[in-house]
$ cat input_21.cif   # mmCIF, C-alpha atoms
data_data
#
loop_
_atom_site.label_atom_id
_atom_site.label_comp_id
_atom_site.auth_asym_id
_atom_site.auth_seq_id
_atom_site.Cartn_x
_atom_site.Cartn_y
_atom_site.Cartn_z
CA MET A 256 11.58 -13.61 -19.13
CA ARG A 257 12.06 -15.58 -15.88
CA TRP A 258 8.47 -16.59 -15.20
CA ALA A 259 9.27 -18.81 -12.19
CA THR A 260 11.19 -15.97 -10.54
CA TYR A 261 8.41 -13.50 -11.29
CA PHE A 262 5.83 -15.68 -9.52
CA ALA A 263 8.19 -16.47 -6.62
CA VAL A 264 8.83 -12.78 -5.96
CA LEU A 265 5.13 -12.05 -6.43
CA ALA A 266 4.16 -14.72 -3.88
CA SER A 267 6.69 -13.50 -1.32
CA VAL A 268 5.35 -9.93 -1.51
CA LEU A 269 1.78 -11.22 -1.38
CA SER A 270 2.54 -13.00 1.88
CA VAL A 271 3.27 -9.57 3.34
CA GLY A 272 -0.10 -8.25 2.14
CA LEU A 273 -1.92 -11.19 3.69
CA ALA A 274 0.02 -10.90 6.94
CA LEU A 275 -0.78 -7.18 7.20
CA GLY A 276 -4.39 -7.72 6.16
CA VAL A 277 -4.97 -10.25 8.93
CA SER A 278 -3.04 -8.45 11.69
CA MET A 279 -3.44 -4.69 11.21
CA PRO A 280 -7.26 -4.52 11.47
CA LEU A 281 -6.93 -6.58 14.65
CA VAL A 282 -4.69 -3.87 16.10
CA SER A 283 -7.33 -1.19 15.46
CA LEU A 284 -10.20 -3.33 16.76
CA ARG A 285 -8.18 -4.18 19.86
CA LEU A 286 -7.47 -0.50 20.52
CA GLU A 287 -11.15 0.33 20.01
CA GLY A 288 -12.00 -2.33 22.58
CA TRP A 289 -9.48 -0.85 25.00
CA GLY A 290 -11.34 2.47 24.77
CA TYR A 291 -8.93 4.51 22.65
CA GLY A 292 -10.38 7.26 20.45
CA ALA A 293 -10.09 7.72 16.70
CA PHE A 294 -7.09 10.04 17.01
CA ALA A 295 -5.11 7.56 19.14
CA ILE A 296 -5.92 4.82 16.64
CA GLY A 297 -4.85 7.17 13.84
CA VAL A 298 -1.52 7.78 15.60
CA MET A 299 -0.99 4.02 15.79
CA ALA A 300 -1.86 3.68 12.11
CA ALA A 301 0.60 6.43 11.24
CA MET A 302 3.60 4.92 13.07
CA PRO A 303 4.63 2.60 10.20
CA ALA A 304 4.81 5.69 8.01
CA ILE A 305 7.83 6.93 9.94
CA GLY A 306 9.32 3.48 9.55
CA VAL A 307 8.65 3.65 5.82
CA LEU A 308 10.70 6.83 5.53
CA LEU A 309 13.57 5.24 7.45
CA GLY A 310 13.44 2.02 5.47
CA ALA A 311 13.34 3.83 2.14
CA SER A 312 16.44 5.85 2.96
CA VAL A 313 18.62 2.77 3.56
CA SER A 314 17.12 0.23 1.14
CA SER A 315 19.57 0.85 -1.72
CA HIS A 316 22.57 0.79 0.63
CA LEU A 317 21.50 -2.45 2.33
CA ALA A 318 20.63 -4.12 -0.98
CA ALA A 319 24.14 -3.36 -2.26
CA ARG A 320 25.63 -4.86 0.89
CA PHE A 321 23.53 -8.02 1.32
CA GLY A 322 22.04 -8.60 -2.12
CA THR A 323 18.39 -8.22 -3.04
CA ALA A 324 17.19 -11.78 -2.39
CA ARG A 325 19.07 -12.20 0.90
CA LEU A 326 17.94 -8.82 2.21
CA MET A 327 14.31 -9.58 1.34
CA SER A 328 14.51 -12.88 3.26
CA LEU A 329 16.06 -11.26 6.33
CA CYS A 330 13.40 -8.55 6.36
CA LEU A 331 10.55 -11.06 6.03
CA TRP A 332 11.81 -12.99 9.04
CA ALA A 333 12.29 -9.76 11.02
CA GLY A 334 8.71 -8.80 10.14
CA ALA A 335 7.49 -12.13 11.51
CA LEU A 336 9.25 -11.42 14.79
CA SER A 337 7.72 -7.94 15.05
CA ILE A 338 4.16 -9.16 14.46
CA GLY A 339 4.67 -11.96 16.97
CA LEU A 340 5.67 -9.40 19.59
CA LEU A 341 2.37 -7.57 19.03
CA ALA A 342 0.64 -10.66 20.45
CA LEU A 343 3.10 -11.15 23.28
CA LEU A 344 3.31 -7.51 24.44
CA PRO A 345 -0.22 -5.97 24.46
CA SER A 346 0.68 -2.38 25.37
CA TYR A 347 -0.09 0.82 23.47
CA PRO A 348 3.43 2.35 23.86
CA VAL A 349 5.11 -0.95 22.96
CA TRP A 350 2.85 -1.36 19.94
CA LEU A 351 3.87 2.11 18.73
CA VAL A 352 7.50 0.96 18.65
CA LEU A 353 6.63 -2.37 17.02
CA ARG A 354 4.54 -0.69 14.33
CA LEU A 355 7.54 1.56 13.65
CA MET A 356 9.76 -1.52 13.26
CA ILE A 357 7.23 -3.18 10.96
CA GLY A 358 7.22 -0.06 8.81
CA VAL A 359 11.02 -0.10 8.41
CA ILE A 360 11.33 -3.81 7.74
CA LEU A 361 8.47 -4.39 5.34
CA THR A 362 9.16 -1.20 3.38
CA ILE A 363 12.45 -2.72 2.27
CA VAL A 364 10.58 -5.85 1.14
CA PHE A 365 8.19 -3.78 -0.97
CA ILE A 366 10.93 -1.65 -2.53
CA LEU A 367 13.02 -4.65 -3.54
CA GLY A 368 10.04 -6.78 -4.57
CA GLU A 369 8.47 -4.12 -6.78
CA SER A 370 11.86 -3.28 -8.31
CA TRP A 371 12.55 -6.96 -8.99
CA ILE A 372 9.16 -7.42 -10.68
CA ASN A 373 9.46 -4.27 -12.79
CA GLN A 374 12.98 -5.31 -13.82
CA LEU A 375 11.82 -8.79 -14.91
CA VAL A 376 8.76 -7.94 -17.01
CA VAL A 377 9.04 -7.26 -20.73
CA GLU A 378 7.66 -3.97 -22.03
CA GLN A 379 4.79 -5.39 -24.08
CA TRP A 380 3.48 -7.17 -20.98
CA ARG A 381 4.36 -4.49 -18.43
CA GLY A 382 0.83 -3.18 -17.88
CA ARG A 383 -0.69 -6.62 -17.39
CA LEU A 384 2.06 -8.11 -15.24
CA VAL A 385 2.39 -5.06 -12.98
CA ALA A 386 -1.41 -5.02 -12.73
CA LEU A 387 -1.35 -8.71 -11.83
CA TYR A 388 0.98 -7.80 -8.98
CA GLY A 389 -1.37 -5.02 -7.83
CA SER A 390 -4.45 -7.19 -8.20
CA THR A 391 -3.11 -10.21 -6.35
CA TYR A 392 -1.63 -8.02 -3.65
CA ALA A 393 -5.04 -6.47 -3.13
CA LEU A 394 -6.56 -9.97 -3.01
CA SER A 395 -4.06 -10.93 -0.35
CA GLN A 396 -5.20 -7.96 1.72
CA LEU A 397 -8.82 -8.92 1.06
CA SER A 398 -8.13 -12.42 2.33
CA GLY A 399 -6.60 -10.95 5.48
CA PRO A 400 -9.78 -9.41 6.95
CA LEU A 401 -11.80 -12.43 5.81
CA LEU A 402 -9.34 -14.75 7.50
CA LEU A 403 -9.42 -12.57 10.59
CA ALA A 404 -13.21 -12.80 10.66
CA ALA A 405 -12.90 -16.60 10.38
CA VAL A 406 -10.36 -17.04 13.18
CA GLY A 407 -12.04 -14.39 15.34
CA THR A 408 -10.99 -11.06 16.79
CA GLU A 409 -11.14 -12.01 20.46
CA GLY A 410 -7.83 -13.91 20.54
CA ASP A 411 -4.41 -13.37 19.00
CA TYR A 412 -4.80 -15.86 16.17
CA GLY A 413 -4.62 -13.11 13.55
CA PHE A 414 -1.16 -12.14 14.74
CA TRP A 415 0.12 -15.72 14.65
CA VAL A 416 -1.23 -16.31 11.15
CA GLY A 417 0.80 -13.30 10.02
CA VAL A 418 3.89 -14.68 11.72
CA GLY A 419 3.55 -18.01 9.95
CA LEU A 420 3.20 -16.39 6.54
CA LEU A 421 6.30 -14.24 6.92
CA VAL A 422 8.38 -17.12 8.27
CA ALA A 423 7.57 -19.27 5.22
CA ALA A 424 7.85 -16.58 2.51
CA PRO A 425 11.68 -16.44 2.23
CA LEU A 426 11.76 -20.10 1.18
CA LEU A 427 10.20 -19.02 -2.14
CA LEU A 428 13.21 -16.84 -2.96
CA LEU A 429 15.88 -19.54 -2.70
CA GLY A 430 17.93 -19.75 -5.90
CA ARG A 431 16.09 -16.93 -7.70
CA SER A 432 17.95 -14.52 -10.00
CA GLY A 433 17.37 -11.47 -12.17
CA ALA A 434 17.13 -8.95 -9.31
CA PRO A 435 18.16 -5.37 -10.06
CA THR A 436 21.63 -4.34 -9.02
CA SER A 437 22.01 -1.57 -6.49
CA GLU A 438 24.69 0.88 -5.44
CA SER A 439 25.73 1.61 -1.89
CA SER A 440 24.06 5.00 -1.46
CA ARG A 441 21.35 6.54 0.66
CA VAL A 442 18.14 7.98 -0.74
CA THR A 443 17.60 11.41 0.79
CA LEU A 444 14.62 13.71 1.05
CA MET A 445 16.37 16.08 -1.38
CA ASP A 446 16.42 13.25 -3.91
CA LEU A 447 12.71 12.81 -3.24
CA LEU A 448 12.04 16.47 -4.05
CA GLY A 449 13.73 15.99 -7.42
CA PHE A 450 11.58 12.94 -8.10
CA CYS A 451 8.42 14.89 -7.21
CA ARG A 452 9.39 17.75 -9.50
CA SER A 453 10.03 15.30 -12.33
CA LEU A 454 6.84 13.23 -11.90
CA PRO A 455 4.42 15.37 -9.84
CA ALA A 456 1.18 13.54 -10.74
CA ILE A 457 2.71 10.16 -9.98
CA ALA A 458 4.11 11.43 -6.69
CA TRP A 459 0.71 12.80 -5.60
CA ALA A 460 -1.08 9.61 -6.65
CA ILE A 461 1.28 7.38 -4.67
CA SER A 462 0.90 9.53 -1.54
CA LEU A 463 -2.89 9.53 -1.91
CA PHE A 464 -3.09 5.77 -2.38
CA ALA A 465 -0.83 5.26 0.64
CA ALA A 466 -3.18 7.36 2.76
CA PHE A 467 -6.09 5.39 1.31
CA GLU A 468 -4.60 2.00 2.15
CA ALA A 469 -3.54 3.01 5.67
CA MET A 470 -7.02 4.34 6.42
CA ILE A 471 -8.82 1.36 4.86
CA LEU A 472 -7.01 -1.17 7.03
CA THR A 473 -7.12 0.87 10.23
CA LEU A 474 -9.76 3.62 10.29
CA LEU A 475 -12.41 2.24 7.93
CA PRO A 476 -13.39 -0.59 10.34
CA VAL A 477 -13.81 2.03 13.08
CA TYR A 478 -15.71 4.35 10.70
CA CYS A 479 -18.14 1.55 9.86
CA LEU A 480 -18.58 0.60 13.52
CA ARG A 481 -19.49 4.20 14.34
CA GLN A 482 -22.06 4.23 11.55
CA GLY A 483 -23.87 1.49 13.46
CA PHE A 484 -22.58 -1.66 11.76
CA THR A 485 -21.35 -4.76 13.60
CA ALA A 486 -17.67 -5.78 13.61
CA ASP A 487 -18.35 -8.55 11.05
CA ILE A 488 -20.11 -6.14 8.68
CA ALA A 489 -17.34 -3.57 9.16
CA LEU A 490 -14.71 -6.15 8.18
CA ALA A 491 -16.87 -7.21 5.22
CA MET A 492 -16.98 -3.58 4.04
CA VAL A 493 -13.20 -3.34 4.29
CA SER A 494 -12.95 -6.53 2.25
CA THR A 495 -15.38 -5.17 -0.35
CA VAL A 496 -13.19 -2.09 -0.86
CA VAL A 497 -10.19 -4.36 -1.41
CA VAL A 498 -12.26 -6.52 -3.79
CA GLY A 499 -12.83 -3.43 -5.90
CA ASP A 500 -9.11 -2.73 -5.83
CA ALA A 501 -8.34 -6.31 -6.90
CA LEU A 502 -11.03 -6.95 -9.51
CA LEU A 503 -10.33 -4.09 -11.89
CA GLN A 504 -6.53 -3.90 -11.79
CA LEU A 505 -6.04 -6.50 -14.54
CA PRO A 506 -8.46 -4.75 -16.95
CA ILE A 507 -6.75 -1.45 -16.16
CA GLY A 508 -3.35 -3.01 -16.78
CA ALA A 509 -4.50 -4.53 -20.07
CA LEU A 510 -5.85 -1.14 -21.19
CA ALA A 511 -2.56 0.47 -20.16
CA ASP A 512 -0.77 -1.69 -22.75
CA ARG A 513 -3.08 -0.40 -25.49
CA LEU A 514 -4.42 3.07 -24.55
CA SER A 515 -3.06 6.32 -23.18
CA ARG A 516 -1.89 5.73 -19.62
CA ARG A 517 -2.42 9.41 -18.81
CA VAL A 518 -6.10 9.24 -19.84
CA LEU A 519 -6.62 6.12 -17.70
CA PHE A 520 -4.86 7.82 -14.79
CA THR A 521 -7.11 10.89 -15.03
CA GLY A 522 -10.22 8.70 -15.23
CA CYS A 523 -9.25 6.87 -12.04
CA ALA A 524 -8.74 10.18 -10.22
CA LEU A 525 -12.20 11.37 -11.29
CA ALA A 526 -13.84 8.08 -10.24
CA LEU A 527 -12.13 8.22 -6.84
CA MET A 528 -13.34 11.77 -6.20
CA LEU A 529 -16.96 10.99 -7.13
CA SER A 530 -17.12 7.71 -5.20
CA SER A 531 -15.60 9.33 -2.09
CA LEU A 532 -18.20 12.10 -2.15
CA ALA A 533 -20.98 9.50 -2.49
CA VAL A 534 -19.98 7.41 0.55
CA PRO A 535 -21.65 9.62 3.22
CA LEU A 536 -24.78 9.84 1.06
CA LEU A 537 -25.15 6.09 0.48
CA ILE A 538 -23.68 4.60 3.65
CA ASP A 539 -27.12 3.49 4.90
CA SER A 540 -28.32 2.03 1.61
CA MET A 541 -27.57 -1.18 -0.29
CA LEU A 542 -25.86 0.93 -2.95
CA ILE A 543 -22.91 1.32 -0.57
CA TRP A 544 -21.67 -2.17 -1.54
CA PRO A 545 -21.08 -1.48 -5.27
CA LEU A 546 -19.83 1.96 -4.30
CA TRP A 547 -17.15 0.39 -2.08
CA VAL A 548 -16.05 -1.62 -5.13
CA LEU A 549 -15.66 1.53 -7.26
CA PHE A 550 -13.95 3.32 -4.37
CA GLY A 551 -11.30 0.61 -4.10
CA ALA A 552 -10.87 0.09 -7.84
CA SER A 553 -10.25 3.74 -8.64
CA ALA A 554 -7.69 4.15 -5.84
CA GLY A 555 -5.89 0.94 -6.75
CA GLY A 556 -5.84 1.89 -10.42
CA LEU A 557 -3.90 5.04 -9.59
CA PHE A 558 -1.17 3.08 -7.85
CA THR A 559 -0.95 0.40 -10.54
CA LEU A 560 -0.64 3.00 -13.28
CA SER A 561 2.01 4.84 -11.26
CA LEU A 562 4.13 1.69 -11.00
CA ILE A 563 3.70 1.02 -14.73
CA LEU A 564 4.84 4.54 -15.61
CA ILE A 565 7.87 4.25 -13.30
CA GLY A 566 8.82 0.83 -14.65
CA GLU A 567 8.91 2.05 -18.24
CA ARG A 568 11.37 4.82 -17.29
CA TYR A 569 14.00 3.26 -14.99
CA ARG A 570 16.32 0.21 -14.69
CA ASP A 571 18.67 -1.34 -12.09
CA ASP A 572 19.87 1.08 -9.39
CA ALA A 573 17.73 3.91 -10.81
CA LEU A 574 14.71 1.62 -10.55
CA VAL A 575 15.52 0.68 -6.95
CA ARG A 576 15.95 4.36 -6.10
CA ALA A 577 12.69 5.26 -7.85
CA ASN A 578 10.88 2.61 -5.81
CA ALA A 579 12.60 3.95 -2.71
CA HIS A 580 11.00 7.31 -3.55
CA VAL A 581 7.69 5.49 -3.95
CA ALA A 582 8.20 4.16 -0.43
CA GLN A 583 9.09 7.61 0.90
CA LEU A 584 5.91 9.02 -0.61
CA TRP A 585 4.04 6.03 0.78
CA GLY A 586 5.37 6.89 4.23
CA ILE A 587 4.27 10.50 3.90
CA GLY A 588 0.80 9.43 2.78
CA CYS A 589 0.50 6.86 5.56
CA LEU A 590 1.60 9.44 8.10
CA ILE A 591 -0.65 12.32 7.03
CA GLY A 592 -3.74 10.36 6.00
CA PRO A 593 -4.60 8.54 9.26
CA LEU A 594 -3.63 11.54 11.41
CA VAL A 595 -5.79 14.00 9.46
CA ALA A 596 -8.70 11.59 9.04
CA GLY A 597 -8.50 10.42 12.66
CA ALA A 598 -8.43 13.96 14.01
CA GLY A 599 -11.18 15.06 11.63
CA SER A 600 -13.36 12.08 12.58
CA GLN A 601 -13.02 12.83 16.28
CA TRP A 602 -13.31 16.60 16.27
CA ILE A 603 -14.88 17.78 12.98
CA SER A 604 -17.04 15.24 11.14
CA GLY A 605 -17.77 11.55 11.40
CA HIS A 606 -17.40 11.40 7.61
CA ALA A 607 -13.90 12.91 7.55
CA LEU A 608 -12.37 9.77 6.04
CA PRO A 609 -14.23 9.78 2.67
CA LEU A 610 -14.19 13.58 2.51
CA PHE A 611 -10.40 13.57 2.93
CA MET A 612 -10.09 11.14 0.02
CA ALA A 613 -12.40 13.29 -2.12
CA ALA A 614 -10.27 16.37 -1.50
CA GLY A 615 -7.08 14.48 -2.33
CA ALA A 616 -8.58 13.09 -5.54
CA LEU A 617 -9.72 16.56 -6.59
CA GLY A 618 -6.19 17.89 -6.13
CA LEU A 619 -4.81 15.00 -8.16
CA LEU A 620 -7.35 15.58 -10.93
CA VAL A 621 -6.35 19.23 -11.22
CA LEU A 622 -2.66 18.30 -11.25
CA ALA A 623 -3.08 15.50 -13.82
CA LEU A 624 -4.59 17.93 -16.32
CA ARG A 625 -1.48 20.13 -16.24
CA GLN A 626 1.24 19.92 -18.90
CA GLY A 627 4.31 18.01 -17.69
CA ALA A 628 2.56 16.37 -14.74
CA PHE A 629 3.81 12.93 -15.86
CA GLY A 630 7.40 13.90 -16.51
CA PRO A 631 9.35 13.98 -19.77
CA ALA A 632 7.93 12.27 -22.83
CA ARG A 633 11.05 10.13 -23.31
CA PRO A 634 11.89 7.39 -20.78
CA ALA A 635 14.60 8.26 -18.30
CA THR A 636 17.32 5.90 -17.04
CA SER A 637 18.63 7.68 -13.97
CA LEU A 638 17.50 9.84 -11.10
#
$ encode --input "input_21.cif" --output "C-alpha cells"
Amino acid sequence: MRWATYFAVLASVLSVGLALGVSMPLVSLRLEGWGYGAFAIGVMAAMPAIGVLLGASVSSHLAARFGTARLMSLCLWAGALSIGLLALLPSYPVWLVLRLMIGVILTIVFILGESWINQLVVEQWRGRLVALYGSTYALSQLSGPLLLAAVGTEGDYGFWVGVGLLVAAPLLLLGRSGAPTSESSRVTLMDLLGFCRSLPAIAWAISLFAAFEAMILTLLPVYCLRQGFTADIALAMVSTVVVGDALLQLPIGALADRLSRRVLFTGCALALMLSSLAVPLLIDSMLIWPLWVLFGASAGGLFTLSLILIGERYRDDALVRANAHVAQLWGIGCLIGPLVAGAGSQWISGHALPLFMAAGALGLLVLALRQGAFGPARPATSL
C-alpha cells in the first residue's frame, strides 16, 4: 500500500474541509448581520447543492481527460479563487453564484479524493483507514469554526485563510500515483436511480448526512443564536457537534473491520434519531454539550460506514462513478435539508432543524431493517 500517497491525498482533502469550516459559517453570520431571514440563509446554504449535482455529472469525464491528480489540483486552485471572491464581492446575488461555483469545483475534489483513498486501502484495513479519513476531515471542519472564532467574524480573515489553504493543497499531490482510472462518460440521474435501487439504505444515509453537514455549518449557528446564545457560544456548539463526528469515527471504523457493518449502521441511525429528538428538550441545560457530541458522532458514523460499504464493492471507474453518485446524493441532501429546515425554522417551529434530522433518521432506521437495503451480499465491480 502507498502510505505516502494515502496521507498526501488525505491532507489535500482535509484542506478543503478546513477551508469550508472557516469560511462557510462566516457567510451565514454575515448574512444574519445584514438582516436576512432563516429562509434566505437556507437558500444560500443550498446553492452548493446544485453545484454538487453539476460537478458529479462531469467528474468521471473530466478525470479521464485531465487525470485524477491534475484535475484535483486545478479544482483546488479554482476553489481558492471562488472563496477569495466572496471577500471581494460582498453581495447576496453574487454570493449565490459563487456558492454554486464552489459546489461544482469542490465536489470534483471530494469524488476523486474519496475514490483515490478507497482504491489505495487494503481490505483488512478498510474500515480503519476510511474512518481515519472521516475523522480527520471532521477535525478539519472543527478547526474551521475555532479558527474563525480566533481570527474574528467582523473582517474577511476567514475567507483569506480558506484561500491560502486551497492554494497550497495541490503541492501535496505532486508525483503521487495509484489513482483510480476513469472512463470518459457522464454520470446521469438515471444512473443515480439504479444506484439507489441497488443500495437504498446507503443512498438515504448519504443524503441525510449531507443535509446534516450543510445545516450544521450554516443553520446551526443561527439556530443557537436564536436560542439566546452569543456568537462565540454558537460557534463552540457547532465545533462540539463536529468533535462528536471526529472522535468516534475511528472506533466505528475499527468495529467495522470486526463486526457486522449493517448492525453498526442501524445503531448509528437509532442514536441519531434519539439525540435529535433530545436537542429541543436539553438546549438550555449543560447536558446539551455531551448531546451535541452524540449527535455528531451518530451522523458521521452513517457516512463513514456508507463509504466503507461502497469501497468494498467497487474499483477503478466503477468506484469513481459510485462516488459520483455519492456526490449527487450529497447535492440532493444539501439542497433539501437547508431549504426545509430554513423554511420550517422561519414559519413553523424554531426547533425545525433537529426535528428534521429526527424524521430523517427514523426513515433511515425503518429502511435499514428491510431485507436487501444494503444491496447484494456479494461485492459488485460495476454500476
$ resolve_selection --input "input_21.cif" --expression "the PyMOL selection byres ((chain A and resi 309) around 12)" --output "JSON, numbers by chain"
{"A": [302, 303, 304, 305, 306, 307, 308, 310, 311, 312, 313, 314, 315, 355, 356, 357, 358, 359, 360, 361, 362, 363, 441, 442, 443, 444, 579, 580, 582, 583, 584, 585, 586, 587]}
$ resolve_selection --input "input_21.cif" --expression "the PyMOL selection byres ((chain A and resi 293) around 12)" --output "ChimeraX atom specification"
/A:283-284,286-292,294-300,470,473-478,480-481,593-605,607-608
$ closest_residue --input "input_21.cif" --among "A:Leu448, A:Leu454, A:Val422, A:Ile488" --to "Leu564 (chain A)" --atoms "only C-alpha atoms"
A:Leu454
$ resolve_selection --input "input_21.cif" --expression "the PyMOL selection byres ((chain A and resi 451) around 12)" --output "list of chain:residue names"
A:Leu444, A:Met445, A:Asp446, A:Leu447, A:Leu448, A:Gly449, A:Phe450, A:Arg452, A:Ser453, A:Leu454, A:Pro455, A:Ala456, A:Ile457, A:Ala458, A:Trp459, A:Ala460, A:Ile461, A:Ser462, A:Ala577, A:His580, A:Val581, A:Gln583, A:Leu584, A:Gly627, A:Ala628, A:Phe629, A:Gly630, A:Leu638
$ closest_residue --input "input_21.cif" --among "A:Leu537, A:Ile471, A:Leu620, A:Val498" --to "Leu519 (chain A)" --atoms "only C-alpha atoms"
A:Leu620
$ closest_residue --input "input_21.cif" --among "A:Ala319, A:Leu472, A:Leu502, A:Ala404" --to "Asp571 (chain A)" --atoms "only C-alpha atoms"
A:Ala319
$ atom_distance --input "input_21.cif" --atom1 "CA of Leu525 (chain A)" --atom2 "CA of Val621 (chain A)"
9.8 Å
$ atom_distance --input "input_21.cif" --atom1 "CA of Leu549 (chain A)" --atom2 "CA of Gly499 (chain A)"
5.9 Å
$ closest_residue --input "input_21.cif" --among "A:Ala469, A:Leu341, A:Leu329, A:Ala434" --to "Gly588 (chain A)" --atoms "only C-alpha atoms"
A:Ala469
$ residues_around --input "input_21.cif" --residues "Thr260 (chain A)" --least-positions-apart "5" --cutoff "10 Å" --atoms "all atoms listed in the file" --output "ChimeraX atom specification"
/A:265-266,371-372,375,427-434
$ atom_distance --input "input_21.cif" --atom1 "CA of Cys479 (chain A)" --atom2 "CA of Gly339 (chain A)"
27.4 Å
$ residues_around --input "input_21.cif" --residues "Leu384 (chain A)" --least-positions-apart "2" --cutoff "12 Å" --atoms "all atoms listed in the file" --output "PyMOL selection string"
chain A and resi 256+258+261-262+265+369+372-382+386-391+504-509+511-512+559-560+562-563+566
$ closest_residue --input "input_21.cif" --among "A:Asp500, A:Glu409, A:Asp572, A:Asp539" --to "Leu394 (chain A)" --atoms "all atoms listed in the file"
A:Asp500
$ closest_residue --input "input_21.cif" --among "A:Ser395, A:Arg325, A:Ala424, A:Ala301" --to "Val352 (chain A)" --atoms "only C-alpha atoms"
A:Ala301
